[in-house]
Amino acid sequence: MAAAAFTWILAAGGARLRTLARLPLGSDLKAPVDFLVGAWVFATAAFLAGWAGWFRAPVLFVFLGILAAVGEWRRPGWRFRTLLPTAMSAAILLPIAIAPPFFYDALVYHLALPWQALQEGRLAAHSEDFFSAFPPLAQMLFAAPIAAGLLRVPALVQMASFILAGGATTALALRLGAPRFAALCAGALLPLLPAVVLVAGLPAAEGFAIGAAIAALALCLGPESRRAPIASAGLAGLITGIGTAARLQGLPWSLIVLALVTLGPAPRLRRAAGAALGWAAGSLPWWLKNLLLLRDPFAPIGWRRPGIETLWRDSGGQIYLAAGPADALRALGATLKPHTAYALPLLLAALLAMSGERPRRRVLAGLAAGAGLVAWAATGSLPRFLAPTLAVLLALAAAAARAGVGRWAGGLALGAAGVLGLVFTLRMLQAVGWWTLALCAGLADLPPIVVNTPLPAFAAAEALPADARVLFVGEARGFAFPRRAVVPSQHDVSPLRDPIETLATAAAARDRLVADGFTHLLVNRAELLRLSRDYPVLPWSTGAGQARFQALLVQCGVPVVKVGETAIFALR
């Protein structure tokens with residue numbers, strides 16, 4: 001109920017802004033766009049509060065109350081029937097969506113960063129964490145339910161964003177000429193695609209970025225671009241900017257939408273300028289945060305700091321890691337191979353749709369899908385990053401089902417994607433134990449799916465002094481830790497390495513840590529061993545440094561907290 005209320009408030013707030021600005025928007029796009037705009041308003045307000053040092057529960061609740069008070073509740077013009085098929089397919093993922101947070105990325109940054117900001121009462125420049133420079137829109141949204149103690153709500157909000165992204169996919173299919181039933185099927189398949197298997201039920205940001213890209217594309221190819229060309233271009237830019245504020249993969253889709261705007265009706269220059277200004281406003285939470293905190297508005301783009309090669313490896317940045325073009329193509333082909341069984345029929349149906357009568361809009365959509373594939377290869381080739389391109393192919397396959405042989409081609413392509421998606425999803429749900437996770441009483445009761453879990457030690461850390469400030473060693477998951485902490489990601493070199501390797505004794509290293517404001521060290525030995533095989537997490541780089549680290553722990557004495565392999569040592 002809390003997740004539904006939160007989602008509804010965001011959408012109602014966005015609807016109020018849309019009606020006040022008299023933005024041109026068809027009823028099939030109103031719900032997805034209103035939700036994104038409302039999410040942007042709340043995230044921007046939360047960011048400004050955090051920058052000012054007011055990132056606290058009462059402030060966030062006041063923002064939410066204001067959004068609810070001004071929201072459009074009477075006649076927002078939403079079409080729930082368009083969203084119902086996607087909601088039914090997404091409901092298959094409820095066993096993991098209502099579970100306590102267990103997703104590794106969420107424990108490291110999607111939930112951990114807003115949790116850390118709430119502990120500190122502000123947004124700070126955490127240079128020890130790569131992910132702190134990433135787009136923060138979802139993190140700012142998740143801060144409100146986290147502050148209320150509703151730790152299972154963020155995953156359900158992500159599910160809602162996927163349902164609304166499915167609605168945008170349906171709207172795109174209808175604007176490309178698809179029969180209504182086929183368009184509804186295209187939207188319903190989005191949460192079940194094997195490329196995004198289970199992602200719709202996890203606390204992450206993918207749904208916001210996918211929904212923004214597809215809604216903006218539908219806006220560019222719909223009647224709004226002819227009725228109100230400048231206003232629709234500005235709105236499309238705003239929406240893609242919101243997608244960029246959610247995930248970096250939204251940035252290339254912003255360029256794709258800008259290109260479509262310039263190919264639209266006159267006046268093209270003014271429309272392009274409006275789209276660019278809209279993008280700057282929509283992406284504000286990302287670039288302004290980095291400008292104010294890091295003096296680098298487009299961070300982490302262009303970063304070359306130690307450890308980034310592991311980030312490219314994990315995100316599938318084959319272009320940056322391959323020995324040459326041939327090596328990169330082989331790696332990309334290997335990534336795509338498991339998905340050809342459903343992606344290839346979708347592609348063939350899309351080509352058929354592009355060859356029919358009056359194909360201009362469908363050809364533009366196909367070109368956008370092709371550009372999205374290139375962007376996927378350039379920005380990170382994880383399968384889930386391909387979701388916007390696959391959503392466009394779903395819409396085109398539905399459009400192919402208008403008549404003739406296209407009915408068979410489009411229907412078979414959508415059917416193959418649905419069957420394989422359902423099989424993939426059910427297999428993954430079986431692998432995680434179906435309702436086992438959902439029935440867990442709390443974070444500390446999660447089964448071994450959370451590897452080397454530090455969560456029981458986090459619960460015991462409630463005994464630490466209220467003014468404690470803890471440096472994590474060998475543990476990148478900071479979510480649910482009850483005190484202020486510095487938590488380097490798995491891709492970052494440990495801040496402890498410099499004093500350990502540059503100072504002569506362990507006592508000097510301890511004095512440096514105390515002078516830097518640290519009161520404790522948290523060491524997860526099992527996780528340190530696991531991560532050190534592939535990531536730069538070790539607090540030493542030489543044998544002498546390893547000896548000094550062991551001596552430092554000896555000097556700290558008996559741990560004040562020890563649960564399993566996780567221990568907390570007092571520095572003083």
# chains A, B, ... in the order shown; residues from 1 in each chain; ligands from 1

call {"tool": "residues_around", "arguments": {"residues": "Phe63 of chain A", "least_positions_apart": "6", "cutoff": "10 Å", "atoms": "only C-alpha atoms", "output": "list of chain:residue names"}}
result
A:Val41, A:Phe42, A:Ala43, A:Ala45, A:Ala46, A:Ala49, A:Ala69, A:Ala144

call {"tool": "residues_around", "arguments": {"residues": "Cys440 of chain A", "least_positions_apart": "4", "cutoff": "8 Å", "atoms": "only C-alpha atoms", "output": "number ranges by chain"}}
result
A: 99-100, 436, 445-446

call {"tool": "write_last_selection", "arguments": {"atoms": "C-alpha atoms", "output": "compact mmCIF listing (two decimals), in the first residue's frame"}}
result
# COMPACT_ATOMS: atom_id res chain seq x y z
CA ALA A 99 11.44 -9.52 -0.16
CA PRO A 100 13.89 -7.68 2.10
CA THR A 436 11.52 -18.02 0.46
CA ASP A 445 17.31 -13.57 8.19
CA LEU A 446 18.07 -13.69 4.46

call {"tool": "closest_residue", "arguments": {"among": "A:Arg122, A:His491, A:Lys337, A:Arg483", "to": "Leu522 of chain A", "atoms": "only C-alpha atoms"}}
result
A:Arg483

call {"tool": "closest_residue", "arguments": {"among": "A:Leu83, A:Val514, A:Ala39, A:Leu151", "to": "Leu190 of chain A", "atoms": "only C-alpha atoms"}}
result
A:Leu83

call {"tool": "select_by_dssp", "arguments": {"residues": "segment 336-561 of chain A", "states": "alpha helix (DSSP H)", "output": "number ranges by chain"}}
result
A: 336, 340-354, 360-379, 387-400, 405-431, 455-460, 497-502, 506-515, 525-532, 543-556
